[in-house]
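Enquirer: Enclosed is the structure file target-v7.pdb (PDB, C-alpha atoms and all ligand atoms).
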ATOM      1  CA  MET A  19     100.724  84.421 111.136  1.00  0.00           C
ATOM      2  CA  LYS A  20     100.229  81.867 108.395  1.00  0.00           C
ATOM      3  CA  LEU A  21      97.928  83.132 105.676  1.00  0.00           C
ATOM      4  CA  ASP A  22      96.067  79.837 105.496  1.00  0.00           C
ATOM      5  CA  SER A  23      95.585  79.506 109.248  1.00  0.00           C
ATOM      6  CA  GLY A  24      92.171  79.782 110.876  1.00  0.00           C
ATOM      7  CA  ALA A  25      92.364  83.532 111.387  1.00  0.00           C
ATOM      8  CA  ASP A  26      89.840  85.779 109.681  1.00  0.00           C
ATOM      9  CA  VAL A  27      90.779  88.324 107.044  1.00  0.00           C
ATOM     10  CA  VAL A  28      91.062  91.227 109.479  1.00  0.00           C
ATOM     11  CA  ALA A  29      93.503  89.393 111.767  1.00  0.00           C
ATOM     12  CA  LEU A  30      95.509  88.540 108.703  1.00  0.00           C
ATOM     13  CA  LEU A  31      95.646  92.116 107.420  1.00  0.00           C
ATOM     14  CA  LYS A  32      96.701  93.339 110.846  1.00  0.00           C
ATOM     15  CA  ALA A  33      99.455  90.727 110.977  1.00  0.00           C
ATOM     16  CA  GLN A  34     100.724  92.034 107.645  1.00  0.00           C
ATOM     17  CA  HIS A  35     100.692  95.578 108.994  1.00  0.00           C
ATOM     18  CA  GLU A  36     102.994  94.346 111.779  1.00  0.00           C
ATOM     19  CA  GLN A  37     105.239  92.765 109.166  1.00  0.00           C
ATOM     20  CA  VAL A  38     105.366  96.095 107.307  1.00  0.00           C
ATOM     21  CA  LYS A  39     106.284  97.859 110.561  1.00  0.00           C
ATOM     22  CA  GLY A  40     109.116  95.393 111.137  1.00  0.00           C
ATOM     23  CA  LEU A  41     110.518  95.891 107.650  1.00  0.00           C
ATOM     24  CA  PHE A  42     110.502  99.670 108.074  1.00  0.00           C
ATOM     25  CA  GLN A  43     112.602  99.192 111.213  1.00  0.00           C
ATOM     26  CA  GLN A  44     114.946  96.869 109.380  1.00  0.00           C
ATOM     27  CA  VAL A  45     115.565  99.419 106.634  1.00  0.00           C
ATOM     28  CA  ILE A  46     116.283 102.134 109.201  1.00  0.00           C
ATOM     29  CA  THR A  47     118.608 100.042 111.348  1.00  0.00           C
ATOM     30  CA  THR A  48     120.708  98.503 108.552  1.00  0.00           C
ATOM     31  CA  MET A  49     123.051  99.658 105.798  1.00  0.00           C
ATOM     32  CA  GLY A  50     124.472  98.336 102.549  1.00  0.00           C
ATOM     33  CA  SER A  51     123.125  95.135 101.047  1.00  0.00           C
ATOM     34  CA  GLN A  52     121.042  94.378 104.143  1.00  0.00           C
ATOM     35  CA  ARG A  53     119.228  97.668 103.765  1.00  0.00           C
ATOM     36  CA  THR A  54     118.694  97.073 100.048  1.00  0.00           C
ATOM     37  CA  GLU A  55     117.268  93.634 100.794  1.00  0.00           C
ATOM     38  CA  ALA A  56     114.923  94.949 103.485  1.00  0.00           C
ATOM     39  CA  PHE A  57     113.802  97.792 101.211  1.00  0.00           C
ATOM     40  CA  ASN A  58     113.088  95.316  98.392  1.00  0.00           C
ATOM     41  CA  GLU A  59     111.119  93.084 100.709  1.00  0.00           C
ATOM     42  CA  LEU A  60     109.158  96.049 102.028  1.00  0.00           C
ATOM     43  CA  ARG A  61     108.289  97.200  98.507  1.00  0.00           C
ATOM     44  CA  ARG A  62     107.256  93.688  97.500  1.00  0.00           C
ATOM     45  CA  LEU A  63     105.087  93.235 100.583  1.00  0.00           C
ATOM     46  CA  LEU A  64     103.451  96.644 100.092  1.00  0.00           C
ATOM     47  CA  ALA A  65     102.749  95.895  96.409  1.00  0.00           C
ATOM     48  CA  VAL A  66     100.949  92.646  97.240  1.00  0.00           C
ATOM     49  CA  HIS A  67      99.273  93.894 100.423  1.00  0.00           C
ATOM     50  CA  GLU A  68      97.854  97.076  98.916  1.00  0.00           C
ATOM     51  CA  THR A  69      96.759  95.317  95.726  1.00  0.00           C
ATOM     52  CA  ALA A  70      94.960  92.579  97.654  1.00  0.00           C
ATOM     53  CA  GLU A  71      93.257  95.243  99.781  1.00  0.00           C
ATOM     54  CA  GLU A  72      92.181  97.076  96.653  1.00  0.00           C
ATOM     55  CA  GLU A  73      90.824  93.925  95.002  1.00  0.00           C
ATOM     56  CA  ILE A  74      89.294  92.130  97.985  1.00  0.00           C
ATOM     57  CA  VAL A  75      88.892  94.339 101.046  1.00  0.00           C
ATOM     58  CA  HIS A  76      88.006  97.871  99.945  1.00  0.00           C
ATOM     59  CA  PRO A  77      85.192  96.789  97.561  1.00  0.00           C
ATOM     60  CA  ARG A  78      83.549  94.870 100.436  1.00  0.00           C
ATOM     61  CA  ALA A  79      83.944  97.848 102.779  1.00  0.00           C
ATOM     62  CA  ARG A  80      82.148 100.040 100.235  1.00  0.00           C
ATOM     63  CA  GLU A  81      79.178  97.659 100.325  1.00  0.00           C
ATOM     64  CA  VAL A  82      79.043  96.955 104.031  1.00  0.00           C
ATOM     65  CA  MET A  83      79.751 100.346 105.607  1.00  0.00           C
ATOM     66  CA  ALA A  84      77.263 103.221 105.685  1.00  0.00           C
ATOM     67  CA  ASN A  85      80.010 105.705 104.742  1.00  0.00           C
ATOM     68  CA  GLY A  86      82.045 103.061 102.949  1.00  0.00           C
ATOM     69  CA  ASP A  87      82.678 105.032  99.763  1.00  0.00           C
ATOM     70  CA  GLN A  88      84.032 108.007 101.668  1.00  0.00           C
ATOM     71  CA  VAL A  89      86.279 105.915 103.920  1.00  0.00           C
ATOM     72  CA  VAL A  90      87.609 103.860 101.017  1.00  0.00           C
ATOM     73  CA  GLU A  91      88.287 106.921  98.856  1.00  0.00           C
ATOM     74  CA  GLN A  92      90.432 108.381 101.627  1.00  0.00           C
ATOM     75  CA  ARG A  93      92.389 105.138 101.980  1.00  0.00           C
ATOM     76  CA  LEU A  94      92.889 104.919  98.201  1.00  0.00           C
ATOM     77  CA  ALA A  95      94.205 108.482  98.135  1.00  0.00           C
ATOM     78  CA  GLU A  96      96.746 107.532 100.831  1.00  0.00           C
ATOM     79  CA  GLU A  97      97.733 104.449  98.851  1.00  0.00           C
ATOM     80  CA  ARG A  98      98.259 106.554  95.720  1.00  0.00           C
ATOM     81  CA  ALA A  99     100.396 109.035  97.658  1.00  0.00           C
ATOM     82  CA  ALA A 100     102.498 106.164  99.044  1.00  0.00           C
ATOM     83  CA  LYS A 101     103.036 104.854  95.526  1.00  0.00           C
ATOM     84  CA  GLU A 102     104.333 108.259  94.425  1.00  0.00           C
ATOM     85  CA  THR A 103     106.624 108.642  97.426  1.00  0.00           C
ATOM     86  CA  LEU A 104     108.055 105.174  96.863  1.00  0.00           C
ATOM     87  CA  GLY A 105     108.841 106.122  93.281  1.00  0.00           C
ATOM     88  CA  GLN A 106     110.792 109.127  94.575  1.00  0.00           C
ATOM     89  CA  LEU A 107     112.605 107.029  97.199  1.00  0.00           C
ATOM     90  CA  GLU A 108     113.704 104.592  94.523  1.00  0.00           C
ATOM     91  CA  ASP A 109     115.554 107.413  92.767  1.00  0.00           C
ATOM     92  CA  LEU A 110     117.640 108.234  95.848  1.00  0.00           C
ATOM     93  CA  ASP A 111     120.900 106.696  97.017  1.00  0.00           C
ATOM     94  CA  ILE A 112     119.739 104.262  99.699  1.00  0.00           C
ATOM     95  CA  GLU A 113     122.622 105.215 102.020  1.00  0.00           C
ATOM     96  CA  SER A 114     122.162 108.986 101.755  1.00  0.00           C
ATOM     97  CA  THR A 115     120.730 111.222 104.462  1.00  0.00           C
ATOM     98  CA  GLN A 116     118.234 112.408 101.849  1.00  0.00           C
ATOM     99  CA  PHE A 117     116.890 108.870 101.628  1.00  0.00           C
ATOM    100  CA  GLU A 118     116.858 108.542 105.399  1.00  0.00           C
ATOM    101  CA  THR A 119     114.810 111.728 105.861  1.00  0.00           C
ATOM    102  CA  ALA A 120     112.352 110.911 103.072  1.00  0.00           C
ATOM    103  CA  PHE A 121     112.074 107.299 104.223  1.00  0.00           C
ATOM    104  CA  ARG A 122     111.163 108.278 107.783  1.00  0.00           C
ATOM    105  CA  ARG A 123     108.426 110.545 106.446  1.00  0.00           C
ATOM    106  CA  PHE A 124     107.203 107.682 104.273  1.00  0.00           C
ATOM    107  CA  GLN A 125     107.213 105.355 107.290  1.00  0.00           C
ATOM    108  CA  LYS A 126     105.057 107.807 109.254  1.00  0.00           C
ATOM    109  CA  ASP A 127     102.553 108.100 106.374  1.00  0.00           C
ATOM    110  CA  VAL A 128     102.281 104.357 105.723  1.00  0.00           C
ATOM    111  CA  LEU A 129     101.842 103.527 109.406  1.00  0.00           C
ATOM    112  CA  ALA A 130      99.192 106.251 109.747  1.00  0.00           C
ATOM    113  CA  HIS A 131      97.450 104.711 106.716  1.00  0.00           C
ATOM    114  CA  ALA A 132      97.528 101.239 108.289  1.00  0.00           C
ATOM    115  CA  GLU A 133      96.256 102.618 111.573  1.00  0.00           C
ATOM    116  CA  ALA A 134      93.384 104.417 109.775  1.00  0.00           C
ATOM    117  CA  GLU A 135      92.436 101.195 108.003  1.00  0.00           C
ATOM    118  CA  GLU A 136      92.335  99.256 111.242  1.00  0.00           C
ATOM    119  CA  ARG A 137      90.374 101.904 113.129  1.00  0.00           C
ATOM    120  CA  LEU A 138      88.029 103.292 110.458  1.00  0.00           C
ATOM    121  CA  GLU A 139      87.569 100.385 108.078  1.00  0.00           C
ATOM    122  CA  PHE A 140      88.398  96.936 109.477  1.00  0.00           C
ATOM    123  CA  VAL A 141      86.461  97.249 112.736  1.00  0.00           C
ATOM    124  CA  GLU A 142      83.217  98.061 110.972  1.00  0.00           C
ATOM    125  CA  LEU A 143      83.913  95.605 108.186  1.00  0.00           C
ATOM    126  CA  SER A 144      84.215  92.662 110.563  1.00  0.00           C
ATOM    127  CA  ALA A 145      81.144  93.833 112.490  1.00  0.00           C
ATOM    128  CA  GLY A 146      79.146  93.964 109.247  1.00  0.00           C
ATOM    129  CA  LEU A 147      80.097  90.503 108.003  1.00  0.00           C
ATOM    130  CA  ASP A 148      79.457  87.066 109.451  1.00  0.00           C
ATOM    131  CA  ARG A 149      82.107  84.437 110.083  1.00  0.00           C
ATOM    132  CA  SER A 150      81.654  82.595 106.811  1.00  0.00           C
ATOM    133  CA  GLN A 151      81.959  85.825 104.819  1.00  0.00           C
ATOM    134  CA  LEU A 152      85.144  86.788 106.684  1.00  0.00           C
ATOM    135  CA  GLU A 153      86.412  83.267 106.143  1.00  0.00           C
ATOM    136  CA  ARG A 154      85.756  83.482 102.390  1.00  0.00           C
ATOM    137  CA  MET A 155      87.603  86.800 102.236  1.00  0.00           C
ATOM    138  CA  ARG A 156      90.541  85.295 104.086  1.00  0.00           C
ATOM    139  CA  LYS A 157      90.664  82.479 101.533  1.00  0.00           C
ATOM    140  CA  ALA A 158      90.553  84.949  98.651  1.00  0.00           C
ATOM    141  CA  TYR A 159      93.298  86.973 100.310  1.00  0.00           C
ATOM    142  CA  ALA A 160      95.438  83.884 100.940  1.00  0.00           C
ATOM    143  CA  LEU A 161      95.012  82.906  97.294  1.00  0.00           C
ATOM    144  CA  ALA A 162      96.127  86.379  96.213  1.00  0.00           C
ATOM    145  CA  GLU A 163      99.224  86.012  98.365  1.00  0.00           C
ATOM    146  CA  ARG A 164      99.915  82.593  96.867  1.00  0.00           C
ATOM    147  CA  VAL A 165      99.846  83.781  93.253  1.00  0.00           C
ATOM    148  CA  ALA A 166     101.835  86.903  94.132  1.00  0.00           C
ATOM    149  CA  PRO A 167     104.254  85.689  96.825  1.00  0.00           C
ATOM    150  CA  THR A 168     105.949  88.236  99.048  1.00  0.00           C
ATOM    151  CA  HIS A 169     108.745  85.753  99.803  1.00  0.00           C
ATOM    152  CA  PRO A 170     110.480  83.626  97.222  1.00  0.00           C
ATOM    153  CA  HIS A 171     109.363  80.067  98.001  1.00  0.00           C
ATOM    154  CA  ALA A 172     111.375  77.023  97.046  1.00  0.00           C
ATOM    155  CA  GLY A 173     110.275  75.740  93.651  1.00  0.00           C
ATOM    156  CA  VAL A 174     108.503  78.887  92.510  1.00  0.00           C
ATOM    157  CA  GLU A 175     111.544  81.176  92.274  1.00  0.00           C
ATOM    158  CA  SER A 176     110.887  82.179  88.686  1.00  0.00           C
ATOM    159  CA  GLN A 177     107.326  83.268  89.432  1.00  0.00           C
ATOM    160  CA  ALA A 178     108.381  85.069  92.623  1.00  0.00           C
ATOM    161  CA  ALA A 179     111.297  86.700  90.846  1.00  0.00           C
ATOM    162  CA  ASN A 180     108.852  88.598  88.661  1.00  0.00           C
ATOM    163  CA  LEU A 181     107.872  90.574  91.724  1.00  0.00           C
ATOM    164  CA  VAL A 182     111.276  90.801  93.313  1.00  0.00           C
ATOM    165  CA  THR A 183     112.922  93.084  90.821  1.00  0.00           C
ATOM    166  CA  GLY A 184     112.023  96.337  89.166  1.00  0.00           C
ATOM    167  CA  PRO A 185     110.562  99.599  90.352  1.00  0.00           C
ATOM    168  CA  PHE A 186     107.523  99.647  92.642  1.00  0.00           C
ATOM    169  CA  VAL A 187     105.167 100.653  89.818  1.00  0.00           C
ATOM    170  CA  ALA A 188     106.153  97.490  87.932  1.00  0.00           C
ATOM    171  CA  MET A 189     105.671  95.399  91.085  1.00  0.00           C
ATOM    172  CA  LEU A 190     102.175  96.845  91.480  1.00  0.00           C
ATOM    173  CA  ASP A 191     101.298  96.103  87.846  1.00  0.00           C
ATOM    174  CA  ARG A 192     102.525  92.548  88.266  1.00  0.00           C
ATOM    175  CA  ALA A 193     100.580  92.098  91.511  1.00  0.00           C
ATOM    176  CA  HIS A 194      97.438  93.494  89.835  1.00  0.00           C
ATOM    177  CA  ASP A 195      97.854  91.110  86.887  1.00  0.00           C
ATOM    178  CA  LEU A 196      98.292  88.088  89.132  1.00  0.00           C
ATOM    179  CA  ILE A 197      95.658  88.910  91.731  1.00  0.00           C
ATOM    180  CA  SER A 198      92.833  90.162  89.514  1.00  0.00           C
ATOM    181  CA  HIS A 199      92.865  86.886  87.559  1.00  0.00           C
TER     182      HIS A 199
HETATM  183 FE    FE B   1      96.083  99.926 102.494  1.00  0.00          FE
HETATM  184 FE    FE B   2      96.678  97.716 104.908  1.00  0.00          FE
END
Could you take the file, read its structure, and then write that structure out as structure tokens?
Ligand SMILES: [Fe+2]
Ligand SMILES: [Fe+2]

Expert:
Amino acid sequence: MKLDSGADVVALLKAQHEQVKGLFQQVITTMGSQRTEAFNELRRLLAVHETAEEEIVHPRAREVMANGDQVVEQRLAEERAAKETLGQLEDLDIESTQFETAFRRFQKDVLAHAEAEERLEFVELSAGLDRSQLERMRKAYALAERVAPTHPHAGVESQAANLVTGPFVAMLDRAHDLISH
């Protein structure tokens, strides 16, 4: 799904969850440079996706939902745990069985996190907001994705490259810098 299409913010977030799922599969089913590439793309997508959620989606959920604070705190705790696990994965040899085992556990946790967001947060969020509000959030989210691209686009390689390399913590910092501006 194109980020600047007519879809609302929830449809867009769900589409990104599917993208994340696909990249997890790619890492598991490949080896060598293909696996490294898929792992890099997954880390980059997660850095931008989670940062945009933290800046744009979770704050709105806190306001709109009756138990918003509680739901958001749980999601943030999962996001922090994922960040830690990714840091550990980055220290492992990507072709080792150790990586494979830890990565599958990570996959399970991240997909459970995405599922919890969809079920416990996004449903109520879209019910609590009208179309124009959801539309505005989609625009803000699309803008976040534009300043912190998850794919290198022709012509903006140097900007995209800032996110491509480095450990996940650095990617997150970079995404925060770009998106919170
Ligand atoms: Fe999230
Ligand atoms: Fe998410």

Enquirer: To one decimal place, how far is CA of Glu68 in chain A from CA of Arg123 in chain A in Å?

Expert: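 Separating CA of Glu68 in chain A from CA of Arg123 in chain A is a distance of 18.7 Å.
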
Enquirer: Record the distance separating CA of Arg164 in chain A and CA of Asn58 in chain A, expressed in Å with one decimal.

Expert: 18.4 Å

Enquirer: Counting all atoms listed in the file, what residues are within 12 Å of ligand FE 2 (chain B), given as a ChimeraX atom specification?

Expert: /A:27-39,63-72,74-76,90,93-94,96-97,100,128-140

Enquirer: Go ahead and dump the residues you just picked, C-alpha atoms, as a short mmCIF file (atom, residue, chain, number, x, y, z; two decimals), keeping the file's coordinate frame.

Expert:
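And here's again.cif as it stands now:
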data_model
loop_
_atom_site.label_atom_id
_atom_site.label_comp_id
_atom_site.auth_asym_id
_atom_site.auth_seq_id
_atom_site.Cartn_x
_atom_site.Cartn_y
_atom_site.Cartn_z
CA VAL A 27 90.78 88.32 107.04
CA VAL A 28 91.06 91.23 109.48
CA ALA A 29 93.50 89.39 111.77
CA LEU A 30 95.51 88.54 108.70
CA LEU A 31 95.65 92.12 107.42
CA LYS A 32 96.70 93.34 110.85
CA ALA A 33 99.46 90.73 110.98
CA GLN A 34 100.72 92.03 107.64
CA HIS A 35 100.69 95.58 108.99
CA GLU A 36 102.99 94.35 111.78
CA GLN A 37 105.24 92.76 109.17
CA VAL A 38 105.37 96.10 107.31
CA LYS A 39 106.28 97.86 110.56
CA LEU A 63 105.09 93.24 100.58
CA LEU A 64 103.45 96.64 100.09
CA ALA A 65 102.75 95.90 96.41
CA VAL A 66 100.95 92.65 97.24
CA HIS A 67 99.27 93.89 100.42
CA GLU A 68 97.85 97.08 98.92
CA THR A 69 96.76 95.32 95.73
CA ALA A 70 94.96 92.58 97.65
CA GLU A 71 93.26 95.24 99.78
CA GLU A 72 92.18 97.08 96.65
CA ILE A 74 89.29 92.13 97.98
CA VAL A 75 88.89 94.34 101.05
CA HIS A 76 88.01 97.87 99.94
CA VAL A 90 87.61 103.86 101.02
CA ARG A 93 92.39 105.14 101.98
CA LEU A 94 92.89 104.92 98.20
CA GLU A 96 96.75 107.53 100.83
CA GLU A 97 97.73 104.45 98.85
CA ALA A 100 102.50 106.16 99.04
CA VAL A 128 102.28 104.36 105.72
CA LEU A 129 101.84 103.53 109.41
CA ALA A 130 99.19 106.25 109.75
CA HIS A 131 97.45 104.71 106.72
CA ALA A 132 97.53 101.24 108.29
CA GLU A 133 96.26 102.62 111.57
CA ALA A 134 93.38 104.42 109.78
CA GLU A 135 92.44 101.20 108.00
CA GLU A 136 92.34 99.26 111.24
CA ARG A 137 90.37 101.90 113.13
CA LEU A 138 88.03 103.29 110.46
CA GLU A 139 87.57 100.38 108.08
CA PHE A 140 88.40 96.94 109.48
#

Enquirer: So which one's closest to ligand FE 1 (chain B), A:Ser144, A:Gln92, A:Asn85, A:Thr54? Using all atoms listed in the file, please.

Expert: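 Using all atoms listed in the file, the shortest distance to ligand FE 1 (chain B) belongs to A:Gln92.
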
Enquirer: Quick one, how far is CA of Arg62 in chain A from CA of Glu91 in chain A?

Expert: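 Computing it gives 23.2 Å between the two atoms.
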
Enquirer: Near Ala84 in chain A, within 10 Å and counting only C-alpha atoms, which residues show up once chain neighbours fewer than 5 positions away are dropped, as number ranges by chain?

Expert: A: 79, 89, 142

Enquirer: Rank nothing, just name the residue among A:Glu55, A:Glu163, A:Asp127, A:Asp111 nearest to ligand FE 1 (chain B), using all atoms listed in the file.

Expert: A:Asp127

Enquirer: Which one of A:Arg122, A:Arg149, A:Arg78, A:Arg98 sits closest to ligand FE 1 (chain B) if you count only C-alpha atoms and all ligand atoms?

Expert: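 Among the listed residues, the smallest separation from ligand FE 1 (chain B) belongs to A:Arg98.
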
Enquirer: Calculated over all atoms listed in the file, which of the candidates A:Glu73, A:Asp26, A:Asp191, A:Glu153 has the smallest distance to ligand FE 1 (chain B)?

Expert: A:Glu73

Enquirer: Which is closer to Leu143 in chain A than all the others in A:Pro77, A:Thr119, A:Met189, A:Arg61, using only C-alpha atoms?

Expert: A:Pro77

Enquirer: Select, from A:Asp109, A:Lys101, A:Val187, A:Gly146, the residue with the minimum atom-to-atom distance to ligand FE 1 (chain B), counting only C-alpha atoms and all ligand atoms.

Expert: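 Counting only C-alpha atoms and all ligand atoms, the residue closest to ligand FE 1 (chain B) is A:Lys101.
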